[in-house]
>>> print(open('work-v1.cif').read())   # mmCIF, C-alpha atoms
data_final
loop_
_atom_site.label_atom_id
_atom_site.label_comp_id
_atom_site.auth_asym_id
_atom_site.auth_seq_id
_atom_site.Cartn_x
_atom_site.Cartn_y
_atom_site.Cartn_z
CA MET L 21 173.30 83.46 207.54
CA ASP L 22 173.08 87.20 207.96
CA GLY L 23 175.69 87.65 205.23
CA ALA L 24 173.81 85.38 202.84
CA HIS L 25 170.55 87.12 203.62
CA SER L 26 172.11 90.52 203.01
CA ALA L 27 173.64 89.31 199.74
CA GLY L 28 170.23 88.06 198.62
CA LEU L 29 168.71 91.35 199.42
CA GLN L 30 171.33 93.16 197.38
CA LEU L 31 170.64 91.01 194.35
CA GLN L 32 166.94 91.86 194.22
CA PRO L 33 166.27 94.56 191.57
CA LEU L 34 164.37 97.60 192.68
CA PRO L 35 161.12 98.34 190.81
CA PRO L 36 161.28 101.51 188.71
CA THR L 37 159.54 104.55 190.06
CA SER L 38 156.65 106.23 188.28
CA GLY L 39 158.80 109.27 187.54
CA ALA L 40 161.45 107.18 185.82
CA THR L 41 158.78 105.37 183.80
CA SER L 42 157.20 108.60 182.57
CA THR L 43 160.63 110.01 181.71
CA SER L 44 161.57 106.96 179.64
CA LEU L 45 158.19 106.98 177.85
CA SER L 46 158.43 110.67 177.02
CA SER L 47 161.99 110.27 175.74
CA SER L 48 161.00 107.31 173.56
CA GLU L 49 157.98 109.20 172.20
CA GLY L 50 160.15 112.23 171.54
CA SER L 51 162.75 110.18 169.65
CA PHE L 52 159.97 108.44 167.67
CA SER L 53 158.41 111.79 166.79
CA TYR L 54 161.80 113.13 165.72
CA LYS L 55 162.38 110.10 163.49
CA GLU L 56 158.96 110.55 161.89
CA ASN L 57 159.71 114.22 161.28
CA LEU L 58 163.00 113.29 159.64
CA ILE L 59 161.33 110.67 157.43
CA GLY L 60 158.63 113.14 156.38
CA ALA L 61 161.14 115.91 155.65
CA LEU L 62 163.35 113.60 153.57
CA LEU L 63 160.35 112.33 151.61
CA ALA L 64 159.20 115.90 150.92
CA ILE L 65 162.67 117.06 149.84
CA PHE L 66 163.07 114.00 147.61
CA GLY L 67 159.62 114.51 146.11
CA HIS L 68 160.14 118.18 145.31
CA LEU L 69 163.55 117.46 143.76
CA VAL L 70 162.09 114.76 141.52
CA VAL L 71 159.14 116.99 140.55
CA SER L 72 161.52 119.79 139.57
CA ILE L 73 163.60 117.43 137.43
CA ALA L 74 160.45 116.04 135.81
CA LEU L 75 159.05 119.45 134.90
CA ASN L 76 162.37 120.55 133.44
CA LEU L 77 162.55 117.36 131.38
CA GLN L 78 159.11 118.00 129.94
CA LYS L 79 160.01 121.64 129.27
CA TYR L 80 163.20 120.50 127.52
CA CYS L 81 161.11 118.14 125.38
CA HIS L 82 158.78 120.96 124.29
CA ILE L 83 161.70 123.30 123.51
CA ARG L 84 163.55 120.66 121.50
CA LEU L 85 160.46 119.82 119.42
CA ALA L 86 159.73 123.50 118.82
CA GLY L 87 163.27 124.13 117.58
CA SER L 88 163.43 121.12 115.25
CA LYS L 89 161.55 119.79 112.27
CA ASP L 90 160.34 116.74 114.16
CA PRO L 91 156.63 116.29 113.31
CA ARG L 92 155.92 114.14 116.37
CA ALA L 93 153.66 115.36 119.14
CA TYR L 94 155.23 115.85 122.56
CA PHE L 95 153.34 112.91 124.10
CA LYS L 96 154.96 110.56 121.58
CA THR L 97 158.49 111.20 122.85
CA LYS L 98 160.30 109.14 125.49
CA THR L 99 161.58 112.26 127.25
CA TRP L 100 158.09 113.56 127.95
CA TRP L 101 156.91 110.20 129.31
CA LEU L 102 160.01 109.93 131.48
CA GLY L 103 159.19 113.36 132.87
CA LEU L 104 155.61 112.27 133.54
CA LEU L 105 156.72 109.13 135.41
CA LEU L 106 159.17 111.14 137.51
CA LEU L 107 156.44 113.70 138.18
CA LEU L 108 154.11 111.00 139.50
CA LEU L 109 156.92 109.54 141.63
CA GLY L 110 157.74 112.93 143.11
CA GLU L 111 154.12 113.76 143.86
CA LEU L 112 153.74 110.36 145.53
CA GLY L 113 156.71 111.12 147.76
CA VAL L 114 155.30 114.51 148.75
CA PHE L 115 151.89 112.93 149.37
CA ALA L 116 153.41 110.26 151.64
CA SER L 117 155.44 112.84 153.58
CA TYR L 118 152.27 114.39 155.01
CA ALA L 119 151.58 111.15 156.92
CA PHE L 120 154.86 111.33 158.89
CA ALA L 121 155.52 114.97 159.72
CA PRO L 122 153.49 118.01 160.81
CA LEU L 123 151.84 120.10 158.13
CA SER L 124 153.86 123.16 159.16
CA LEU L 125 157.08 121.34 158.30
CA ILE L 126 156.12 119.80 154.95
CA VAL L 127 154.49 122.81 153.26
CA PRO L 128 157.47 125.26 153.35
CA LEU L 129 159.76 122.60 151.91
CA SER L 130 158.31 123.31 148.47
CA ALA L 131 161.08 125.92 148.29
CA VAL L 132 163.35 122.98 147.42
CA SER L 133 161.60 122.77 144.05
CA VAL L 134 162.32 126.44 143.32
CA ILE L 135 166.00 126.00 144.29
CA ALA L 136 166.35 122.92 142.09
CA SER L 137 164.62 124.62 139.15
CA ALA L 138 166.98 127.60 139.38
CA ILE L 139 170.07 125.37 139.38
CA ILE L 140 168.79 123.10 136.60
CA GLY L 141 167.81 126.16 134.54
CA ILE L 142 171.36 127.54 134.73
CA ILE L 143 172.79 124.16 133.70
CA PHE L 144 170.41 123.73 130.74
CA ILE L 145 171.05 127.21 129.30
CA LYS L 146 174.56 126.25 128.10
CA GLU L 147 175.49 129.79 127.14
CA LYS L 148 179.06 131.06 127.15
CA TRP L 149 179.49 133.78 129.74
CA LYS L 150 182.46 135.74 130.90
CA PRO L 151 183.00 135.30 134.64
CA LYS L 152 182.00 138.89 135.44
CA ASP L 153 178.90 138.75 133.25
CA PHE L 154 177.91 135.37 134.67
CA VAL L 155 178.16 136.60 138.26
CA ARG L 156 176.29 139.80 137.39
CA ARG L 157 173.54 137.85 135.65
CA TYR L 158 173.02 135.18 138.31
CA VAL L 159 174.08 136.89 141.51
CA LEU L 160 170.47 137.15 142.72
CA SER L 161 169.91 133.45 142.00
CA PHE L 162 172.98 132.47 144.00
CA VAL L 163 172.01 134.69 146.93
CA GLY L 164 168.42 133.47 146.76
CA CYS L 165 169.48 129.80 146.72
CA GLY L 166 171.72 130.40 149.74
CA LEU L 167 168.97 132.12 151.69
CA ALA L 168 166.43 129.44 150.75
CA ILE L 169 168.80 126.69 151.92
CA VAL L 170 169.41 128.49 155.24
CA GLY L 171 165.66 129.01 155.69
CA THR L 172 164.98 125.33 154.92
CA TYR L 173 167.57 124.27 157.50
CA LEU L 174 165.92 126.43 160.16
CA LEU L 175 162.51 125.06 159.21
CA VAL L 176 163.61 121.46 159.60
CA THR L 177 165.55 122.14 162.81
CA PHE L 178 162.87 124.13 164.66
CA ALA L 179 159.75 122.53 163.21
CA PRO L 180 157.12 121.21 165.65
CA ASN L 181 157.96 117.73 166.95
CA SER L 182 154.47 116.77 168.09
CA HIS L 183 152.63 114.59 165.60
CA GLU L 184 149.56 112.50 166.32
CA LYS L 185 148.25 109.51 164.45
CA MET L 186 145.77 110.34 161.72
CA THR L 187 142.96 108.13 162.95
CA GLY L 188 139.32 108.74 162.08
CA GLU L 189 138.53 109.74 165.67
CA ASN L 190 141.30 112.34 165.82
CA ILE L 191 140.35 113.91 162.49
CA ALA L 192 136.65 114.05 163.40
CA ARG L 193 137.53 115.65 166.73
CA HIS L 194 139.65 118.33 165.04
CA LEU L 195 136.98 118.92 162.40
CA VAL L 196 134.34 119.98 164.94
CA SER L 197 136.67 121.97 167.19
CA TRP L 198 135.66 125.60 167.62
CA PRO L 199 139.04 127.10 166.49
CA PHE L 200 138.77 125.32 163.14
CA LEU L 201 135.10 126.21 162.74
CA LEU L 202 135.98 129.86 163.37
CA TYR L 203 138.83 129.64 160.86
CA MET L 204 136.49 128.08 158.29
CA LEU L 205 133.97 130.87 158.78
CA VAL L 206 136.60 133.57 158.26
CA ALA L 207 138.10 131.73 155.27
CA ILE L 208 134.71 131.26 153.57
CA VAL L 209 133.74 134.92 154.04
CA LEU L 210 137.11 136.11 152.74
CA PHE L 211 136.97 133.71 149.79
CA CYS L 212 133.47 134.90 148.81
CA LEU L 213 134.54 138.56 148.99
CA LEU L 214 137.63 137.94 146.87
CA LEU L 215 135.61 135.91 144.37
CA TYR L 216 133.03 138.70 144.12
CA PHE L 217 135.66 141.36 143.42
CA TYR L 218 137.43 139.06 140.97
CA LYS L 219 134.35 138.10 138.94
CA GLU L 220 132.14 141.16 139.19
CA ARG L 221 134.58 144.03 139.77
CA ASN L 222 137.34 142.69 137.50
CA ALA L 223 139.87 142.84 140.33
CA ASN L 224 142.29 140.57 138.49
CA SER L 225 145.30 141.59 140.56
CA ILE L 226 147.91 138.93 141.12
CA VAL L 227 147.36 139.19 144.88
CA VAL L 228 143.60 138.65 144.58
CA ILE L 229 143.95 135.58 142.36
CA LEU L 230 146.70 134.01 144.43
CA LEU L 231 144.85 134.70 147.67
CA LEU L 232 142.02 132.62 146.25
CA VAL L 233 144.56 129.93 145.42
CA ALA L 234 146.09 130.15 148.90
CA LEU L 235 142.74 129.77 150.68
CA LEU L 236 141.88 126.75 148.55
CA GLY L 237 145.40 125.40 149.03
CA SER L 238 145.14 125.60 152.81
CA MET L 239 142.13 123.30 152.69
CA THR L 240 143.87 121.06 150.16
CA VAL L 241 146.88 120.39 152.38
CA VAL L 242 144.68 119.82 155.45
CA THR L 243 142.70 117.15 153.60
CA VAL L 244 145.84 115.70 151.95
CA LYS L 245 147.41 115.13 155.37
CA ALA L 246 144.25 113.43 156.64
CA VAL L 247 143.92 111.16 153.60
CA SER L 248 147.63 110.33 153.51
CA GLY L 249 147.80 109.60 157.24
CA MET L 250 144.75 107.33 157.17
CA LEU L 251 146.07 105.44 154.13
CA VAL L 252 149.46 104.85 155.77
CA LEU L 253 147.80 103.61 158.95
CA SER L 254 145.62 101.28 156.88
CA ILE L 255 148.70 99.89 155.12
CA GLN L 256 150.33 99.33 158.52
CA GLY L 257 147.36 97.23 159.63
CA ASN L 258 145.27 99.81 161.49
CA LEU L 259 142.35 99.99 159.05
CA GLN L 260 140.92 103.51 158.73
CA LEU L 261 138.99 103.25 155.46
CA ASP L 262 135.79 102.29 157.28
CA TYR L 263 135.40 105.82 158.62
CA PRO L 264 133.16 108.12 156.51
CA ILE L 265 135.45 111.05 157.34
CA PHE L 266 138.07 109.52 155.01
CA TYR L 267 135.80 109.86 151.98
CA VAL L 268 134.69 113.34 153.01
CA MET L 269 138.32 114.43 153.18
CA PHE L 270 139.09 112.73 149.86
CA VAL L 271 136.26 114.54 148.03
CA CYS L 272 137.29 117.89 149.55
CA MET L 273 140.92 117.23 148.53
CA VAL L 274 140.00 116.57 144.89
CA ALA L 275 137.53 119.48 144.65
CA THR L 276 139.85 122.10 146.16
CA ALA L 277 142.78 120.87 144.04
CA ILE L 278 140.73 121.23 140.84
CA TYR L 279 139.59 124.77 141.66
CA GLN L 280 143.08 125.68 142.74
CA ALA L 281 144.47 124.53 139.38
CA THR L 282 141.75 126.51 137.59
CA PHE L 283 142.70 129.79 139.27
CA LEU L 284 146.40 129.12 138.68
CA SER L 285 145.70 128.53 135.00
CA GLU L 286 143.83 131.83 134.78
CA ALA L 287 146.67 133.64 136.56
CA SER L 288 149.27 132.14 134.22
CA GLN L 289 147.45 133.65 131.22
CA ILE L 290 147.75 137.15 132.64
CA TYR L 291 150.95 137.23 134.70
CA ASP L 292 154.50 135.95 134.41
CA SER L 293 155.24 132.50 135.85
CA SER L 294 158.11 133.77 138.03
CA LEU L 295 155.82 136.30 139.70
CA ILE L 296 153.20 133.62 140.28
CA ALA L 297 155.85 131.30 141.77
CA SER L 298 157.17 133.82 144.30
CA VAL L 299 153.90 135.43 145.39
CA GLY L 300 152.05 132.12 145.32
CA TYR L 301 154.69 130.41 147.47
CA ILE L 302 154.55 133.14 150.10
CA LEU L 303 150.76 133.36 150.29
CA SER L 304 150.09 129.61 150.03
CA THR L 305 152.72 128.70 152.63
CA THR L 306 151.41 131.28 155.08
CA ALA L 307 147.81 130.13 154.68
CA ALA L 308 148.76 126.44 154.93
CA ILE L 309 150.84 126.91 158.10
CA THR L 310 147.97 128.86 159.66
CA ALA L 311 145.49 126.13 158.78
CA GLY L 312 147.79 123.42 160.11
CA ALA L 313 148.37 125.30 163.37
CA ILE L 314 144.60 125.65 163.88
CA PHE L 315 143.37 122.27 162.65
CA TYR L 316 146.17 119.94 163.76
CA LEU L 317 147.47 122.12 166.65
CA ASP L 318 151.02 121.85 165.31
CA PHE L 319 152.52 124.43 167.68
CA LEU L 320 150.68 123.34 170.81
CA GLY L 321 153.18 123.01 173.68
CA GLU L 322 156.11 124.34 171.63
CA GLU L 323 158.54 126.80 173.19
CA ALA L 324 158.37 130.43 172.13
CA LEU L 325 162.00 130.36 170.99
CA HIS L 326 161.33 127.42 168.65
CA ILE L 327 158.29 129.17 167.17
CA CYS L 328 160.27 132.38 166.60
CA MET L 329 163.14 130.50 164.94
CA PHE L 330 160.64 128.61 162.77
CA ALA L 331 159.05 131.92 161.71
CA LEU L 332 162.52 133.32 160.97
CA GLY L 333 163.24 130.31 158.77
CA CYS L 334 160.00 130.94 156.86
CA LEU L 335 160.88 134.60 156.29
CA ILE L 336 164.38 133.72 155.07
CA ALA L 337 162.96 131.07 152.72
CA PHE L 338 160.40 133.60 151.42
CA LEU L 339 163.17 136.10 150.69
CA GLY L 340 165.26 133.45 148.97
CA VAL L 341 162.43 132.35 146.69
CA PHE L 342 161.64 135.97 145.86
CA LEU L 343 165.25 136.66 144.85
CA ILE L 344 165.45 133.48 142.76
CA THR L 345 162.31 134.32 140.80
CA ARG L 346 163.25 138.00 140.61
CA ASN L 347 166.24 137.08 138.47
CA ARG L 348 164.13 135.46 135.75
CA LYS L 349 164.05 137.18 132.39
CA LYS L 350 160.87 139.08 131.86
CA ALA L 351 158.75 137.83 129.00
CA ILE L 352 158.39 140.20 126.07
CA PRO L 353 154.75 141.28 125.98
CA PHE L 354 152.76 140.55 122.85
CA GLU L 355 152.29 143.55 120.58
CA PRO L 356 149.84 143.56 117.66
CA TYR L 357 151.63 143.85 114.34
CA ILE L 358 148.72 145.58 112.61
CA SER L 359 147.42 149.06 113.24
CA MET L 360 144.72 149.33 115.88
CA ASP L 361 142.19 150.94 113.53
CA ALA L 362 142.51 148.03 111.06
CA MET L 363 141.46 145.39 113.61
CA PRO L 364 137.91 144.02 113.36
CA GLY L 365 135.85 145.24 116.25
CA VAL L 366 138.02 148.35 116.68
CA PHE L 367 136.60 151.52 115.16
CA ASP L 368 137.47 155.21 115.29
CA HIS L 369 135.82 157.34 117.89
CA ARG L 370 136.28 161.10 118.14
CA ASN L 371 136.38 162.37 121.65
CA GLY L 372 135.49 165.86 122.84
CA ALA L 373 138.83 167.30 121.76
CA GLY L 374 138.40 165.98 118.24
CA LEU L 375 141.13 163.32 118.62
CA VAL L 376 140.65 159.95 116.97
CA ALA L 377 140.47 157.15 119.56
CA PRO L 378 140.21 153.46 118.59
CA VAL L 379 137.58 151.72 120.69
CA LEU L 380 137.31 148.00 121.42
CA THR L 381 133.95 146.91 122.81
CA ILE L 382 133.70 143.53 124.50
CA GLN L 383 130.45 141.95 125.57
CA ARG L 384 130.35 138.89 127.82
CA SER L 385 128.24 136.19 126.14
CA SER L 386 128.69 133.54 128.83
CA ALA L 387 130.61 132.85 132.01
CA SER L 388 133.76 131.88 130.12
CA HIS L 389 133.49 133.53 126.70
CA ILE L 390 132.96 136.99 125.31
CA HIS L 391 131.82 138.43 122.02
CA CYS L 392 133.70 141.20 120.25
CA GLY L 393 131.83 143.27 117.74
CA GLY L 394 132.17 146.61 116.00
CA CYS L 395 131.34 148.68 112.96
CA SER L 396 133.69 146.80 110.68
CA GLY L 397 132.88 143.23 111.61
CA SER L 398 132.90 140.67 114.37
CA TRP L 399 135.55 138.42 115.86
CA GLY L 400 133.06 135.93 117.24
CA ALA L 401 133.54 134.10 120.51
CA MET L 402 136.98 134.02 122.07
CA SER L 403 138.45 133.20 125.45
CA TYR L 404 137.54 135.73 128.11
CA TYR L 405 141.12 135.94 129.34
CA THR L 406 142.49 136.29 125.81
CA ALA L 407 140.24 139.31 125.35
CA LYS L 408 141.32 140.65 128.73
CA LYS L 409 144.92 140.39 127.60
CA LEU L 410 144.07 142.30 124.43
CA LEU L 411 142.41 145.05 126.42
CA ASN L 412 145.48 145.26 128.64
CA ILE L 413 147.63 145.67 125.53
CA ILE L 414 145.45 148.49 124.24
CA LEU L 415 145.52 150.14 127.64
CA SER L 416 149.31 149.90 127.81
CA ARG L 417 149.59 151.51 124.37
CA CYS L 418 147.31 154.26 125.59
CA SER L 419 149.42 154.84 128.68
CA ARG L 420 152.54 155.25 126.56
CA ARG L 421 150.76 157.90 124.54
CA GLY L 422 149.68 159.74 127.64
CA ALA L 423 145.95 158.93 127.53
CA GLY L 424 143.57 156.05 127.93
CA GLY L 425 141.36 154.39 130.47
CA TRP L 426 138.53 151.98 131.17
CA ARG L 427 134.84 152.62 130.79
CA GLU L 428 132.78 149.84 132.31
CA GLY L 429 129.07 149.26 132.17
CA THR L 430 126.79 146.45 133.14
CA LYS L 431 127.38 144.49 129.92
CA PHE L 432 130.18 146.24 128.01
CA LYS L 433 133.85 146.92 128.73
CA ARG L 434 135.64 149.45 126.52
CA ALA L 435 139.20 150.65 126.21
CA TYR L 436 139.74 154.09 124.71
CA CYS L 437 143.08 155.02 123.17
CA SER L 438 143.94 158.41 121.76
#
>>> encode(input="work-v1.cif", output="structure tokens")
Amino acid sequence: MDGAHSAGLQLQPLPPTSGATSTSLSSSEGSFSYKENLIGALLAIFGHLVVSIALNLQKYCHIRLAGSKDPRAYFKTKTWWLGLLLLLLGELGVFASYAFAPLSLIVPLSAVSVIASAIIGIIFIKEKWKPKDFVRRYVLSFVGCGLAIVGTYLLVTFAPNSHEKMTGENIARHLVSWPFLLYMLVAIVLFCLLLYFYKERNANSIVVILLLVALLGSMTVVTVKAVSGMLVLSIQGNLQLDYPIFYVMFVCMVATAIYQATFLSEASQIYDSSLIASVGYILSTTAAITAGAIFYLDFLGEEALHICMFALGCLIAFLGVFLITRNRKKAIPFEPYISMDAMPGVFDHRNGAGLVAPVLTIQRSSASHIHCGGCSGSWGAMSYYTAKKLLNIILSRCSRRGAGGWREGTKFKRAYCS
């Protein structure tokens, strides 16, 4: 009897301890968070690759139509529509990736698009190069692609693993937290200062414009993550569309994206696209990671070593993107093919030394247009940024001759060239 009783006692399973239960739950949550991070990273990489292919297809369509006698418009070709469909598919993948992984992981992965564009650009050129000339021409692109890939690997490996569900309660709690309110106050003040210098002081530096884009972009990605996360939860059965915060985030997402595109369009009319790509990637990624760390607390509880390795991956990716875009051919600036004194609105002005100096006077007639007038006639209304380009051309011609400068008043802007 004692043997049977002891055997029965041995067969009874022992209840798990609280420590073992917490350990198993934490390990399961950690593996689930890692799987979500992997899904989000793969979706973002796939989306950026497809977007890069789509943009290059559309660019190829424009180039082919410009070099042929085909009278069709670009939107009537199958290639352009294929590029548009791929573009929508890629953007959908990037949008969905924000619902699965932390913001600090998804945003830097846009370097994948730059890497893919560099490789596709080399393939589409189809020029015959000698091996030495080819290496000399594209050595920076190869080094930049290698560095960007290494940086992307470090980003994915050491990215934050913590990721909470994007429920309406969580987003509302983050929205009224004091760190985010302080960040919003600093961002709004900085944005207003930059906008003042850009509009009133003509501080049209590439850094000023792209800082405006970066501040708007940081709010765009914060709202995109909220909208994407709530939509995915709603599809999974946990309805989140009843919360008003969803529609607030959606309106903010659309508004900031529109203004961001407006500033990028203005920058593209003044500066080269490769410069915009490199500087914009660095500034926008930095601002977005900062906003994600403050709003979503991405790095809360992370080890210092992981944060340092993540920052190192960002720096390496920044350097890689800079080298890739640095290798692009510089666009040949537009030069007027008529003499400056024969242009309407440009008349001769004799300075104190008796030298003849063509003068172009531009008067702003509205927020987006200007009026050019002079002794010999009037150009009428033209784009403000087209006129700004023209003034930059005159100023560059002046600098090559050793003289020139701006004279600004309350209503007029003049460029003197001797």
>>> closest_residue(input="work-v1.cif", among="L:Ala86, L:Ile140, L:Ala337, L:Ala64", to="L:Ser298", atoms="only C-alpha atoms")
L:Ala337
>>> closest_residue(input="work-v1.cif", among="L:Leu85, L:Ala207, L:Ala168, L:Leu129", to="L:Ile336", atoms="only C-alpha atoms")
L:Ala168
>>> closest_residue(input="work-v1.cif", among="L:Met250, L:Leu215, L:Leu160, L:Val268", to="L:Leu235", atoms="all atoms listed in the file")
L:Leu215
>>> closest_residue(input="work-v1.cif", among="L:Thr243, L:Thr187, L:Ser130, L:Ser248", to="L:Tyr263", atoms="all atoms listed in the file")
L:Thr187
>>> closest_residue(input="work-v1.cif", among="L:Tyr267, L:Ile226, L:Pro180, L:Arg221", to="L:Ile126", atoms="all atoms listed in the file")
L:Pro180
>>> resolve_selection(input="work-v1.cif", expression="the PyMOL selection byres ((chain L and resi 109-123) around 6)", output="ChimeraX atom specification")
/L:56-57,60,63-64,67,70-71,106-108,124-126,183,245,248-249,312
>>> resolve_selection(input="work-v1.cif", expression="the PyMOL selection byres ((chain L and resi 315-321) around 12)", output="ChimeraX atom specification")
/L:121-126,178-186,190-204,238-239,241-243,245-246,308-314,322-328,330-331
>>> atom_distance(input="work-v1.cif", atom1="atom CA of L:Val299", atom2="atom CA of L:Ile139")
20.0 Å
>>> residues_around(input="work-v1.cif", residues="L:Thr282", least_positions_apart="5", cutoff="12 Å", atoms="all atoms listed in the file", output="PyMOL selection string")
chain L and resi 229-230+232-233+236+275-277+287-289
>>> atom_distance(input="work-v1.cif", atom1="atom CA of L:Val134", atom2="atom CA of L:Phe154")
19.9 Å
>>> atom_distance(input="work-v1.cif", atom1="atom CA of L:Val132", atom2="atom CA of L:Ser304")
15.1 Å
>>> closest_residue(input="work-v1.cif", among="L:Trp101, L:Thr306, L:Ala93, L:Ile344", to="L:Ser137", atoms="only C-alpha atoms")
L:Ile344
>>> residues_near_point(input="work-v1.cif", point="(170.8, 135.1, 147.4)", cutoff="9 Å", atoms="only C-alpha atoms", output="PDB file with C-alpha atoms, in the coordinates of the input")
ATOM      1  CA  VAL L 159     174.080 136.890 141.510  1.00  0.00           C
ATOM      2  CA  LEU L 160     170.470 137.150 142.720  1.00  0.00           C
ATOM      3  CA  SER L 161     169.910 133.450 142.000  1.00  0.00           C
ATOM      4  CA  PHE L 162     172.980 132.470 144.000  1.00  0.00           C
ATOM      5  CA  VAL L 163     172.010 134.690 146.930  1.00  0.00           C
ATOM      6  CA  GLY L 164     168.420 133.470 146.760  1.00  0.00           C
ATOM      7  CA  CYS L 165     169.480 129.800 146.720  1.00  0.00           C
ATOM      8  CA  GLY L 166     171.720 130.400 149.740  1.00  0.00           C
ATOM      9  CA  LEU L 167     168.970 132.120 151.690  1.00  0.00           C
ATOM     10  CA  ALA L 168     166.430 129.440 150.750  1.00  0.00           C
ATOM     11  CA  LEU L 339     163.170 136.100 150.690  1.00  0.00           C
ATOM     12  CA  GLY L 340     165.260 133.450 148.970  1.00  0.00           C
ATOM     13  CA  VAL L 341     162.430 132.350 146.690  1.00  0.00           C
ATOM     14  CA  LEU L 343     165.250 136.660 144.850  1.00  0.00           C
ATOM     15  CA  ILE L 344     165.450 133.480 142.760  1.00  0.00           C
TER      16      ILE L 344
END
>>> build_atoms(input="work-v1.cif", residues="stretch 99-111 of chain L", atoms="N, CA, C and O atoms", output="PDB file, keeping the file's coordinate frame")
ATOM      1  N   THR L  99     161.186 111.283 126.230  1.00  0.00           N
ATOM      2  CA  THR L  99     161.580 112.260 127.250  1.00  0.00           C
ATOM      3  C   THR L  99     160.365 112.771 128.010  1.00  0.00           C
ATOM      4  O   THR L  99     160.403 112.911 129.242  1.00  0.00           O
ATOM      5  N   TRP L 100     159.287 113.039 127.287  1.00  0.00           N
ATOM      6  CA  TRP L 100     158.090 113.560 127.950  1.00  0.00           C
ATOM      7  C   TRP L 100     157.497 112.509 128.884  1.00  0.00           C
ATOM      8  O   TRP L 100     157.069 112.821 129.992  1.00  0.00           O
ATOM      9  N   TRP L 101     157.455 111.254 128.462  1.00  0.00           N
ATOM     10  CA  TRP L 101     156.910 110.200 129.310  1.00  0.00           C
ATOM     11  C   TRP L 101     157.801 109.930 130.513  1.00  0.00           C
ATOM     12  O   TRP L 101     157.313 109.631 131.610  1.00  0.00           O
ATOM     13  N   LEU L 102     159.116 110.052 130.336  1.00  0.00           N
ATOM     14  CA  LEU L 102     160.010 109.930 131.480  1.00  0.00           C
ATOM     15  C   LEU L 102     159.748 111.042 132.490  1.00  0.00           C
ATOM     16  O   LEU L 102     159.718 110.801 133.711  1.00  0.00           O
ATOM     17  N   GLY L 103     159.536 112.257 131.979  1.00  0.00           N
ATOM     18  CA  GLY L 103     159.190 113.360 132.870  1.00  0.00           C
ATOM     19  C   GLY L 103     157.883 113.127 133.594  1.00  0.00           C
ATOM     20  O   GLY L 103     157.746 113.445 134.786  1.00  0.00           O
ATOM     21  N   LEU L 104     156.893 112.545 132.898  1.00  0.00           N
ATOM     22  CA  LEU L 104     155.610 112.270 133.540  1.00  0.00           C
ATOM     23  C   LEU L 104     155.745 111.229 134.648  1.00  0.00           C
ATOM     24  O   LEU L 104     155.164 111.373 135.736  1.00  0.00           O
ATOM     25  N   LEU L 105     156.520 110.160 134.392  1.00  0.00           N
ATOM     26  CA  LEU L 105     156.720 109.130 135.410  1.00  0.00           C
ATOM     27  C   LEU L 105     157.449 109.705 136.631  1.00  0.00           C
ATOM     28  O   LEU L 105     157.099 109.404 137.788  1.00  0.00           O
ATOM     29  N   LEU L 106     158.468 110.519 136.390  1.00  0.00           N
ATOM     30  CA  LEU L 106     159.170 111.140 137.510  1.00  0.00           C
ATOM     31  C   LEU L 106     158.257 112.105 138.265  1.00  0.00           C
ATOM     32  O   LEU L 106     158.346 112.226 139.495  1.00  0.00           O
ATOM     33  N   LEU L 107     157.384 112.789 137.536  1.00  0.00           N
ATOM     34  CA  LEU L 107     156.440 113.700 138.180  1.00  0.00           C
ATOM     35  C   LEU L 107     155.500 112.939 139.121  1.00  0.00           C
ATOM     36  O   LEU L 107     155.256 113.369 140.261  1.00  0.00           O
ATOM     37  N   LEU L 108     154.982 111.810 138.657  1.00  0.00           N
ATOM     38  CA  LEU L 108     154.110 111.000 139.500  1.00  0.00           C
ATOM     39  C   LEU L 108     154.861 110.453 140.716  1.00  0.00           C
ATOM     40  O   LEU L 108     154.319 110.419 141.836  1.00  0.00           O
ATOM     41  N   LEU L 109     156.118 110.039 140.515  1.00  0.00           N
ATOM     42  CA  LEU L 109     156.920 109.540 141.630  1.00  0.00           C
ATOM     43  C   LEU L 109     157.175 110.634 142.658  1.00  0.00           C
ATOM     44  O   LEU L 109     157.069 110.399 143.874  1.00  0.00           O
ATOM     45  N   GLY L 110     157.503 111.834 142.191  1.00  0.00           N
ATOM     46  CA  GLY L 110     157.740 112.930 143.110  1.00  0.00           C
ATOM     47  C   GLY L 110     156.498 113.335 143.882  1.00  0.00           C
ATOM     48  O   GLY L 110     156.554 113.576 145.099  1.00  0.00           O
ATOM     49  N   GLU L 111     155.371 113.414 143.183  1.00  0.00           N
ATOM     50  CA  GLU L 111     154.120 113.760 143.860  1.00  0.00           C
ATOM     51  C   GLU L 111     153.724 112.690 144.874  1.00  0.00           C
ATOM     52  O   GLU L 111     153.165 113.001 145.933  1.00  0.00           O
TER      53      GLU L 111
END
